[in-house]
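To keep things clear, I will list the structure first and then write my remarks on it.
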Amino acid sequence: MKWFSNFGFQRRNQELQEEIDAHLQMAIADRVERGEAEETARQAAAREFGNILLVRDVTRQMWGGGWFEPLGRDVRYALRQLRKSRGFTITATAMLAVAICANSTVFSWIDGTMLRPIPGARDTGDLVSLQRGERNFSPTPPFSYLDYRDLREQNHTFTGILAYHHDWITLTGGAQPERVYIANVSANYFDVLGIKPMLGRFFLAEEETRPAIPNVVLSYSLWKTRYAADPAIVGKSIEIARHPVTVIGVAPEGVVGAMPGIREDLWVTLDPLGTDEWRMTHRSGGAVWLNVIGRLRPGVSRGQAAQDLDTVMHNIVAAFPDDHLGENRITLDPMWRSPFGANGYMAATLPILLAFAAVVLLLTSANVATLTLVRFVSRRRELAIRQSLGANRMQLVRQMVLEGVVLSIVAGAVALVLTSWTSKTFAWFFPANSNPTVLNGSMDHNVVIGIAVFSLLAGMLCGALPAWRSSHAPAVEVLKAESASISGGSRNRKLLSGLVVAQIALSLPLLICSGLFLRTLRNLASANPGFEQDHILTASVGLNIVGYSDDEVRLIRHKILDRVSALPGVKVASLTDWIPMTLGHKGEDAYPEGYVPHPHESLQVYHAEVAPRYFESLHIPILEGREFTPDDDEKAPRVLIVDQTAARRYWPGQDPLGKNLRVWGSLFTVVGVARNSTHIFVNESPEPMVYMSFFQVGYETIVQVKTDGNPVDLAPAVENAIHEIDTRLPVFDVRPMRESTQMASSFAVIQSTLAGMFALIGLVLAVTGIYGVVAYRTQMRTHEIGVRMALGASRVDVMRLVLSQGVWLTGLGLALGLAFALGLTRLIARLLYGIGANDPLTMASVVMLLGAMSLLACYFPAHRAMRRNPVTAIREL
Amino acid sequence: MSEKDQYKNRIELLQGTLDMLILQTLQWGPQHGYGIVQALRLQTEDVLQVETGSLYPALHRLERQGWVQSEWKQSESKQKARYYRITAKGKKQLARDLGRWERIVEAIGSVMYVKPKESES
């Protein structure tokens, strides 16, 4: 009651009490006046008045809207009932809490990634990411500055369009150099995102194109950790890659940039040092380097905006056709599924897992409903008494539903506590990698609302159905004949059976999906990626992020290769600027000589720059021609090696050797053909790949070593060898290839882990569900079984009797579940590898497993019934 | 059947008549619950005894329907009490109730006092 009291209600209660008191006072006064003694007058008046409590009660009902008090009473009653059957309460609460937690955990991951794609930004629903050309996952930056500027200035559907490009760099000048992620951004970057500076200012429009304005904006966390939250930081000079730059502002806490899942640490303009003039004035090749995000005008749909941009792009292509060969169509994606950054992957995985979790919740509700129904049946006497005492059916139903709701509220509270921890486990799934990823679940009001909805739903499901059924029981019958034959009536039996069938039918698809996911994971792990993953160690060297001159860089690279090759335990050492299967790739438009592209064909190829002996160290065979040699350096003619996909696509039926490819405006000659190998995912569709000579066009420096023994053991030696050249050289991401390539299967791991856990919960619930119901029903039929045995039924007959109902329920559940599974597996077909969505082996083994477990669950009660002594069984009611 | 329900039934039986009696009593001036009981007893010379279990629910219902208004006042005997006053809406209702009552009395009377027919003897 305390919880539901409200001020108006209490005041009226108070007044009613005073009114009644006044009545009594006046009656007493009258009687005293007539000569009665005070005490007798008081008693007579009270007697005349009648039952004060009752008068108050009935009067209160006249007020209407006074539902607080009955509700409070019902809640107290529900709590008392739940306290009485502690076993049920704890079991049901625990099961519901786990099921709700499964849902809220996945939801918190969705909330932290897809629903909050750009932390700190205003109205992210209006933001769209722009892609040019063929739509694919984790594309390379699609726009040149000039194209971006034209789109920004000539569109009619956006309030603003921003552009950015980010990469690693090293902060120098302090005691310790620090590797940070820096973004070159258009001047309107923060404006379009709707972010205001915490200190100082952001960039001005005129700073965008005027070169050599070395201004920098710091992120909150960088300001805090590296600059000790210096409140006077604005205007001070810091050093980035040995260049002095001026801090003009600090972004607010939590702002990490515009790419979902990636953390940017500081922001500069597009050409802060005036060294990138070429990139700012060209439209193709290396000048295509910007990711672009736009904010739609209010009321403009994505389709309209895409059309508008397509028109502008069409004009650009018409004006500069040589810079825009191939496909140039513009596609727009909302940020929650933007292919740039992490959300593309999230959108493919997490909603499906949420659907699985929802099935778990349904399953759990069905299980708790079974328990509740059994409980209500055993309480049918109590219910019948209450009914005959004048409680109407609605009141009884409300009372019973309330018990379910109270359960689910408690379960929701437990789930809330659990989720505040499980939401943060998302980051565990991502192995250490070379990207500054910030992926995790978040626990905010959305999740709390979600939990409330989940628990309410569960409460209604597991309370309402049994309640409605149980309230049907005719009171007189129940009270009169306390015979076992009633056993809850045939209605309840049907509902119980239905609930068991539902549990089996719901758990089967979960088991099948998790089986498919597990086999996918195994297939991925055992798949041959086409290159050697074991005995390979890679280490990144931050050569181009600390400000060496080109000549210095060249010299250091050669020194690194020499020294690392000479280390004991190193079989082969090479250099590269890309590691396969780490979710990243480099793309470039390449124009093969003599090749006429199909209309709308993208000419983008993947590319990697590799030093001599790269293919040898990774065991990638060169099928034709030769590998790179130390002579393929900057003075030699540009050469490249293509993979089979590229060779077949551009020169079908011809000898690719000696053919030319134009990339970045220069001609490269094919000197070799390498066998296909995996680029990003084992289950990718192969894209053409070209390898270029590291000493001609290499950018980042990654040392790749083939070792005799465990690659980890060699890590310190490799690091030392590099530091002997120059102690200031940043060496990072030193790890075995096997570890790096785990990134490619992290989503498969997430899927199979969660689906596996959900399926296990499903299996346990379904088996305990059928066990509970068969055991309960057998117990109810003890008397009948006794009679049968006394009349000559054998033990086997009894066994058959009990088992047959279990078999029926199981069979029906399996059939329904299989139909359900066939629909559900279609949803996950895209996520599978090396196995069909309707794989008969998986289906058959899961059906067998579930069937066998269910039968085993039925066997125990059947066995018990068989061993009963018929005499005691008959006596038992 | 619970005690509560018995009260409820009695209200139902008297409904209309009890409402009418209360409204009529309040015609003579604002009155508190105890006063209404006393007035009805005096008027009917103890024939009608209104149960408090019916009176207060009725008063609160009439107030909710807007036929009476209440306020706390001091009685002559310095007792603070809740006085009910009939509203314009209540007066209209009373007229309606009275009309209906007269029709019922007339109808019942025409049944009860009819002379026996002389046929069929």
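Chain identifiers are assigned as A, B, and so on, following the order in which chains appear in the structure tokens; residues are numbered from 1 within each chain, and ligands are numbered from 1 in order of appearance.
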Among the residues of range 219-394 of chain A, find those DSSP assigns to strand (DSSP E) from the backbone and print them as a PyMOL selection string.
-> chain A and resi 237-240+243-250+266-268+288-296+330-334
Produce a file of the selected residues containing N, CA and C atoms, as a PDB file, in the first residue's frame.
ATOM      1  N   SER A 237      51.719  25.267 -28.436  1.00  0.00           N
ATOM      2  CA  SER A 237      52.240  24.525 -29.575  1.00  0.00           C
ATOM      3  C   SER A 237      52.604  23.111 -29.138  1.00  0.00           C
ATOM      4  N   ILE A 238      52.213  22.127 -29.938  1.00  0.00           N
ATOM      5  CA  ILE A 238      52.642  20.748 -29.679  1.00  0.00           C
ATOM      6  C   ILE A 238      53.331  20.231 -30.938  1.00  0.00           C
ATOM      7  N   GLU A 239      53.921  19.048 -30.857  1.00  0.00           N
ATOM      8  CA  GLU A 239      54.673  18.532 -31.998  1.00  0.00           C
ATOM      9  C   GLU A 239      54.039  17.245 -32.503  1.00  0.00           C
ATOM     10  N   ILE A 240      53.714  17.236 -33.807  1.00  0.00           N
ATOM     11  CA  ILE A 240      53.198  16.020 -34.415  1.00  0.00           C
ATOM     12  C   ILE A 240      54.180  15.593 -35.489  1.00  0.00           C
ATOM     13  N   HIS A 243      56.670  18.114 -36.436  1.00  0.00           N
ATOM     14  CA  HIS A 243      56.233  19.418 -36.942  1.00  0.00           C
ATOM     15  C   HIS A 243      55.475  20.139 -35.844  1.00  0.00           C
ATOM     16  N   PRO A 244      55.807  21.423 -35.600  1.00  0.00           N
ATOM     17  CA  PRO A 244      55.057  22.152 -34.582  1.00  0.00           C
ATOM     18  C   PRO A 244      53.666  22.515 -35.090  1.00  0.00           C
ATOM     19  N   VAL A 245      52.664  22.283 -34.257  1.00  0.00           N
ATOM     20  CA  VAL A 245      51.292  22.669 -34.601  1.00  0.00           C
ATOM     21  C   VAL A 245      50.675  23.357 -33.387  1.00  0.00           C
ATOM     22  N   THR A 246      49.656  24.190 -33.630  1.00  0.00           N
ATOM     23  CA  THR A 246      49.040  24.959 -32.559  1.00  0.00           C
ATOM     24  C   THR A 246      47.697  24.347 -32.179  1.00  0.00           C
ATOM     25  N   VAL A 247      47.498  24.142 -30.898  1.00  0.00           N
ATOM     26  CA  VAL A 247      46.210  23.634 -30.416  1.00  0.00           C
ATOM     27  C   VAL A 247      45.206  24.775 -30.457  1.00  0.00           C
ATOM     28  N   ILE A 248      44.072  24.573 -31.170  1.00  0.00           N
ATOM     29  CA  ILE A 248      43.053  25.628 -31.193  1.00  0.00           C
ATOM     30  C   ILE A 248      41.816  25.229 -30.403  1.00  0.00           C
ATOM     31  N   GLY A 249      41.700  23.963 -30.058  1.00  0.00           N
ATOM     32  CA  GLY A 249      40.494  23.592 -29.322  1.00  0.00           C
ATOM     33  C   GLY A 249      40.562  22.166 -28.815  1.00  0.00           C
ATOM     34  N   VAL A 250      39.611  21.839 -27.927  1.00  0.00           N
ATOM     35  CA  VAL A 250      39.487  20.485 -27.401  1.00  0.00           C
ATOM     36  C   VAL A 250      38.033  20.058 -27.579  1.00  0.00           C
ATOM     37  N   LEU A 266      43.007  13.078 -32.615  1.00  0.00           N
ATOM     38  CA  LEU A 266      43.126  14.515 -32.883  1.00  0.00           C
ATOM     39  C   LEU A 266      42.792  14.804 -34.333  1.00  0.00           C
ATOM     40  N   TRP A 267      42.486  16.075 -34.577  1.00  0.00           N
ATOM     41  CA  TRP A 267      41.972  16.454 -35.889  1.00  0.00           C
ATOM     42  C   TRP A 267      42.761  17.643 -36.424  1.00  0.00           C
ATOM     43  N   VAL A 268      43.136  17.568 -37.694  1.00  0.00           N
ATOM     44  CA  VAL A 268      43.781  18.704 -38.366  1.00  0.00           C
ATOM     45  C   VAL A 268      43.031  18.952 -39.664  1.00  0.00           C
ATOM     46  N   VAL A 288      42.108  10.228 -54.397  1.00  0.00           N
ATOM     47  CA  VAL A 288      40.823   9.717 -53.895  1.00  0.00           C
ATOM     48  C   VAL A 288      41.090   9.167 -52.508  1.00  0.00           C
ATOM     49  N   TRP A 289      40.819   9.966 -51.506  1.00  0.00           N
ATOM     50  CA  TRP A 289      41.269   9.580 -50.160  1.00  0.00           C
ATOM     51  C   TRP A 289      40.282   9.948 -49.067  1.00  0.00           C
ATOM     52  N   LEU A 290      39.106  10.474 -49.412  1.00  0.00           N
ATOM     53  CA  LEU A 290      38.225  10.997 -48.371  1.00  0.00           C
ATOM     54  C   LEU A 290      36.975  10.145 -48.146  1.00  0.00           C
ATOM     55  N   ASN A 291      36.655   9.933 -46.895  1.00  0.00           N
ATOM     56  CA  ASN A 291      35.353   9.393 -46.514  1.00  0.00           C
ATOM     57  C   ASN A 291      34.399  10.564 -46.342  1.00  0.00           C
ATOM     58  N   VAL A 292      33.155  10.388 -46.760  1.00  0.00           N
ATOM     59  CA  VAL A 292      32.237  11.521 -46.767  1.00  0.00           C
ATOM     60  C   VAL A 292      30.927  11.153 -46.063  1.00  0.00           C
ATOM     61  N   ILE A 293      30.471  12.084 -45.223  1.00  0.00           N
ATOM     62  CA  ILE A 293      29.200  11.914 -44.502  1.00  0.00           C
ATOM     63  C   ILE A 293      28.389  13.186 -44.682  1.00  0.00           C
ATOM     64  N   GLY A 294      27.104  13.052 -44.975  1.00  0.00           N
ATOM     65  CA  GLY A 294      26.266  14.233 -45.156  1.00  0.00           C
ATOM     66  C   GLY A 294      25.118  14.263 -44.180  1.00  0.00           C
ATOM     67  N   ARG A 295      24.626  15.474 -43.899  1.00  0.00           N
ATOM     68  CA  ARG A 295      23.429  15.606 -43.066  1.00  0.00           C
ATOM     69  C   ARG A 295      22.275  16.045 -43.950  1.00  0.00           C
ATOM     70  N   LEU A 296      21.232  15.201 -44.030  1.00  0.00           N
ATOM     71  CA  LEU A 296      20.075  15.474 -44.885  1.00  0.00           C
ATOM     72  C   LEU A 296      19.319  16.698 -44.389  1.00  0.00           C
ATOM     73  N   ILE A 330      26.199   6.863 -56.805  1.00  0.00           N
ATOM     74  CA  ILE A 330      26.347   7.185 -55.380  1.00  0.00           C
ATOM     75  C   ILE A 330      25.290   6.429 -54.578  1.00  0.00           C
ATOM     76  N   THR A 331      25.700   5.752 -53.533  1.00  0.00           N
ATOM     77  CA  THR A 331      24.720   5.131 -52.640  1.00  0.00           C
ATOM     78  C   THR A 331      24.854   5.776 -51.266  1.00  0.00           C
ATOM     79  N   LEU A 332      23.725   5.897 -50.585  1.00  0.00           N
ATOM     80  CA  LEU A 332      23.703   6.501 -49.253  1.00  0.00           C
ATOM     81  C   LEU A 332      23.263   5.439 -48.242  1.00  0.00           C
ATOM     82  N   ASP A 333      23.928   5.421 -47.123  1.00  0.00           N
ATOM     83  CA  ASP A 333      23.531   4.490 -46.065  1.00  0.00           C
ATOM     84  C   ASP A 333      23.341   5.247 -44.765  1.00  0.00           C
ATOM     85  N   PRO A 334      22.288   4.904 -44.016  1.00  0.00           N
ATOM     86  CA  PRO A 334      22.183   5.488 -42.673  1.00  0.00           C
ATOM     87  C   PRO A 334      23.353   5.013 -41.827  1.00  0.00           C
TER      88      PRO A 334
END
Using only C-alpha atoms, determine which residues lie at most 12 Å from Gln81 in chain A, disregarding the query and same-chain residues fewer than 3 positions distant; provide the list as a tab-separated table (two decimals) with C-alpha atoms, in the first residue's frame.
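File result03.tsv, as written:
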chain	number	residue	atom	x	y	z
A	74	ASP	CA	-3.18	-7.54	-4.80
A	75	VAL	CA	0.56	-6.89	-4.91
A	76	ARG	CA	0.90	-7.72	-1.25
A	77	TYR	CA	-1.13	-10.87	-1.78
A	78	ALA	CA	1.01	-11.85	-4.75
A	84	LYS	CA	5.10	-19.29	0.22
A	85	SER	CA	6.40	-21.28	-2.77
A	86	ARG	CA	10.01	-20.25	-2.60
A	87	GLY	CA	11.33	-22.98	-4.90
A	88	PHE	CA	9.07	-21.91	-7.73
A	89	THR	CA	9.81	-18.24	-7.17
A	372	THR	CA	2.70	-21.39	-13.06
A	375	ARG	CA	0.99	-24.17	-9.39
A	376	PHE	CA	-2.43	-22.72	-10.08
A	379	ARG	CA	-4.04	-23.94	-5.76
A	382	GLU	CA	-7.89	-21.70	-2.76
A	399	GLN	CA	-4.44	-11.43	-9.10
A	400	MET	CA	-2.74	-14.28	-10.93
A	402	LEU	CA	0.03	-9.85	-11.04
A	403	GLU	CA	2.02	-12.74	-9.64
A	404	GLY	CA	3.60	-13.18	-13.06
A	406	VAL	CA	5.85	-9.31	-9.89
A	407	LEU	CA	8.10	-12.22	-10.87
When the cut-off is 10 Å and we count only C-alpha atoms, which residues of chain B are near chain A, given as number ranges by chain?
-> B: 1-5, 7-8, 32-35, 37-38, 51-64, 72, 75, 77, 79-83
Just-selected residues, C-alpha atoms written as a PDB file, in the first residue's frame:
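Saved result, again.pdb, follows:
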ATOM      1  CA  MET B   1     -22.135 -13.985   0.371  1.00  0.00           C
ATOM      2  CA  SER B   2     -19.990 -11.526   2.250  1.00  0.00           C
ATOM      3  CA  GLU B   3     -21.203  -8.811   4.546  1.00  0.00           C
ATOM      4  CA  LYS B   4     -19.963  -6.251   2.092  1.00  0.00           C
ATOM      5  CA  ASP B   5     -22.172  -7.624  -0.625  1.00  0.00           C
ATOM      6  CA  TYR B   7     -24.725  -3.814   2.046  1.00  0.00           C
ATOM      7  CA  LYS B   8     -24.279  -3.397  -1.645  1.00  0.00           C
ATOM      8  CA  HIS B  32     -24.702  16.556   7.729  1.00  0.00           C
ATOM      9  CA  GLY B  33     -25.023  12.794   7.552  1.00  0.00           C
ATOM     10  CA  TYR B  34     -26.166  12.367  11.150  1.00  0.00           C
ATOM     11  CA  GLY B  35     -28.683  15.172  10.681  1.00  0.00           C
ATOM     12  CA  VAL B  37     -30.612  10.202   9.557  1.00  0.00           C
ATOM     13  CA  GLN B  38     -32.298  12.050  12.407  1.00  0.00           C
ATOM     14  CA  GLU B  51     -28.404   2.467   7.608  1.00  0.00           C
ATOM     15  CA  THR B  52     -25.156   4.384   7.765  1.00  0.00           C
ATOM     16  CA  GLY B  53     -23.733   1.687   5.527  1.00  0.00           C
ATOM     17  CA  SER B  54     -26.110   2.888   2.846  1.00  0.00           C
ATOM     18  CA  LEU B  55     -26.203   6.574   3.653  1.00  0.00           C
ATOM     19  CA  TYR B  56     -22.534   7.470   3.314  1.00  0.00           C
ATOM     20  CA  PRO B  57     -21.941   5.579   0.082  1.00  0.00           C
ATOM     21  CA  ALA B  58     -25.105   7.265  -1.246  1.00  0.00           C
ATOM     22  CA  LEU B  59     -23.951  10.736  -0.176  1.00  0.00           C
ATOM     23  CA  HIS B  60     -20.556  10.253  -1.768  1.00  0.00           C
ATOM     24  CA  ARG B  61     -22.150   8.946  -4.934  1.00  0.00           C
ATOM     25  CA  LEU B  62     -24.556  11.896  -5.100  1.00  0.00           C
ATOM     26  CA  GLU B  63     -21.645  14.252  -4.684  1.00  0.00           C
ATOM     27  CA  ARG B  64     -19.739  12.558  -7.474  1.00  0.00           C
ATOM     28  CA  TRP B  72     -16.900  21.387   6.426  1.00  0.00           C
ATOM     29  CA  SER B  75     -22.540  22.649  13.881  1.00  0.00           C
ATOM     30  CA  SER B  77     -23.061  22.204  19.119  1.00  0.00           C
ATOM     31  CA  GLN B  79     -19.025  19.987  16.314  1.00  0.00           C
ATOM     32  CA  LYS B  80     -17.066  20.228  13.053  1.00  0.00           C
ATOM     33  CA  ALA B  81     -19.082  18.276  10.470  1.00  0.00           C
ATOM     34  CA  ARG B  82     -19.411  17.819   6.772  1.00  0.00           C
ATOM     35  CA  TYR B  83     -22.529  19.580   5.499  1.00  0.00           C
TER      36      TYR B  83
END
Separation of CA of His863 in chain A from CA of Val802 in chain A in Å |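 Separation of CA of Val802 in chain A and CA of His863 in chain A: 8.8 Å.
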Which parts of chain B does DSSP call alpha helix (DSSP H) when run on the backbone here, written out as a ChimeraX atom specification?
-> /B:3-14,17-27,33-43,52-64,88-112
Could you give me, as a PyMOL selection string, the residues within 10 Å of range 191-196 of chain A, counting only C-alpha atoms and dropping anything in the same chain fewer than 3 positions from it?
-> chain A and resi 118-124+126-127+158-163+186-188+199-203+250-252+255+257-258+293-295
Convert the current residue selection to file output with C-alpha atoms, as an mmCIF file, in the first residue's frame.
data_model
loop_
_atom_site.group_PDB
_atom_site.id
_atom_site.type_symbol
_atom_site.label_atom_id
_atom_site.label_comp_id
_atom_site.auth_asym_id
_atom_site.auth_seq_id
_atom_site.Cartn_x
_atom_site.Cartn_y
_atom_site.Cartn_z
ATOM 1 C CA ILE A 118 28.744 8.680 -33.745
ATOM 2 C CA PRO A 119 29.021 9.425 -30.029
ATOM 3 C CA GLY A 120 28.363 13.055 -29.203
ATOM 4 C CA ALA A 121 26.845 13.920 -32.584
ATOM 5 C CA ARG A 122 23.412 15.521 -32.875
ATOM 6 C CA ASP A 123 20.526 13.677 -34.602
ATOM 7 C CA THR A 124 22.571 10.877 -36.134
ATOM 8 C CA ASP A 126 19.815 12.512 -40.382
ATOM 9 C CA LEU A 127 23.388 11.533 -41.189
ATOM 10 C CA PHE A 158 21.938 18.403 -47.590
ATOM 11 C CA THR A 159 22.446 20.946 -44.834
ATOM 12 C CA GLY A 160 26.108 19.974 -44.828
ATOM 13 C CA ILE A 161 28.552 17.372 -46.065
ATOM 14 C CA LEU A 162 31.807 16.608 -44.272
ATOM 15 C CA ALA A 163 34.906 14.738 -45.382
ATOM 16 C CA SER A 186 37.008 19.329 -43.794
ATOM 17 C CA ALA A 187 36.491 22.609 -41.922
ATOM 18 C CA ASN A 188 32.786 21.893 -41.395
ATOM 19 C CA LEU A 199 37.691 24.485 -25.097
ATOM 20 C CA GLY A 200 38.750 26.958 -27.763
ATOM 21 C CA ARG A 201 37.271 26.613 -31.237
ATOM 22 C CA PHE A 202 37.039 24.226 -34.176
ATOM 23 C CA PHE A 203 38.122 24.963 -37.761
ATOM 24 C CA VAL A 250 39.487 20.485 -27.401
ATOM 25 C CA ALA A 251 36.479 18.344 -28.317
ATOM 26 C CA PRO A 252 33.968 17.424 -25.606
ATOM 27 C CA VAL A 255 33.563 12.508 -29.043
ATOM 28 C CA GLY A 257 35.116 10.983 -34.609
ATOM 29 C CA ALA A 258 32.790 10.183 -37.488
ATOM 30 C CA ILE A 293 29.200 11.914 -44.502
ATOM 31 C CA GLY A 294 26.266 14.233 -45.156
ATOM 32 C CA ARG A 295 23.429 15.606 -43.066
#
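For the set A:His314, A:Thr768, A:Leu439, A:Phe340, the residue with the smallest atom-to-atom gap to Thr91 in chain A is A:Thr768, counting only C-alpha atoms.
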Distance query Trp28 in chain B at most 12 Å, only C-alpha atoms, self and fewer than 6 positions along chain excluded, as a short mmCIF file (atom, residue, chain, number, x, y, z; two decimals) with N, CA and C atoms, in the first residue's frame:
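Output (result-v3.cif):
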data_model
loop_
_atom_site.label_atom_id
_atom_site.label_comp_id
_atom_site.auth_asym_id
_atom_site.auth_seq_id
_atom_site.Cartn_x
_atom_site.Cartn_y
_atom_site.Cartn_z
N LEU B 21 -34.98 10.52 -1.02
CA LEU B 21 -35.22 10.93 0.36
C LEU B 21 -34.13 11.89 0.83
N ILE B 22 -32.87 11.57 0.48
CA ILE B 22 -31.77 12.44 0.90
C ILE B 22 -31.92 13.81 0.26
N GLY B 35 -27.46 14.37 10.75
CA GLY B 35 -28.68 15.17 10.68
C GLY B 35 -29.69 14.56 9.73
N ILE B 36 -29.22 14.04 8.60
CA ILE B 36 -30.13 13.45 7.61
C ILE B 36 -30.83 12.22 8.21
N ALA B 39 -33.35 13.47 10.74
CA ALA B 39 -34.49 14.12 10.08
C ALA B 39 -35.44 13.08 9.51
N TYR B 84 -23.86 18.74 3.67
CA TYR B 84 -24.20 18.54 2.27
C TYR B 84 -25.28 19.52 1.89
N ARG B 85 -25.16 20.06 0.66
CA ARG B 85 -26.13 21.06 0.17
C ARG B 85 -26.58 20.59 -1.21
N ILE B 86 -27.90 20.72 -1.47
CA ILE B 86 -28.40 20.26 -2.77
C ILE B 86 -28.03 21.30 -3.83
N LYS B 91 -31.66 19.47 -7.69
CA LYS B 91 -33.10 19.79 -7.59
C LYS B 91 -33.86 19.24 -8.79
#
Residue neighbourhood Asn720 in chain A, 10 Å, only C-alpha atoms, exclusion window fewer than 5 positions, as a PyMOL selection string = chain A and resi 563-564+715+725-727+731
Leaving out Met114 in chain A and any residue of its chain fewer than 4 positions from it, which residues lie within 9 Å of it when counting only C-alpha atoms, given as an MDAnalysis selection string?
-> chainID A and resid 109:110 260 335:337 342:344 346:347
Between CA of Val682 in chain A and CA of Pro529 in chain A, what is the spacing in Å?
-> 6.3 Å
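Interatomic distance, CA of Pro861 in chain A against CA of Asp797 in chain A: 14.0 Å.
The neighbours of Thr782 in chain A here are the residues that come within 6 Å of it, using only C-alpha atoms and leaving out any residue fewer than 3 positions away in the same chain; they are A:Gln779, A:Ile785, A:Ala873.
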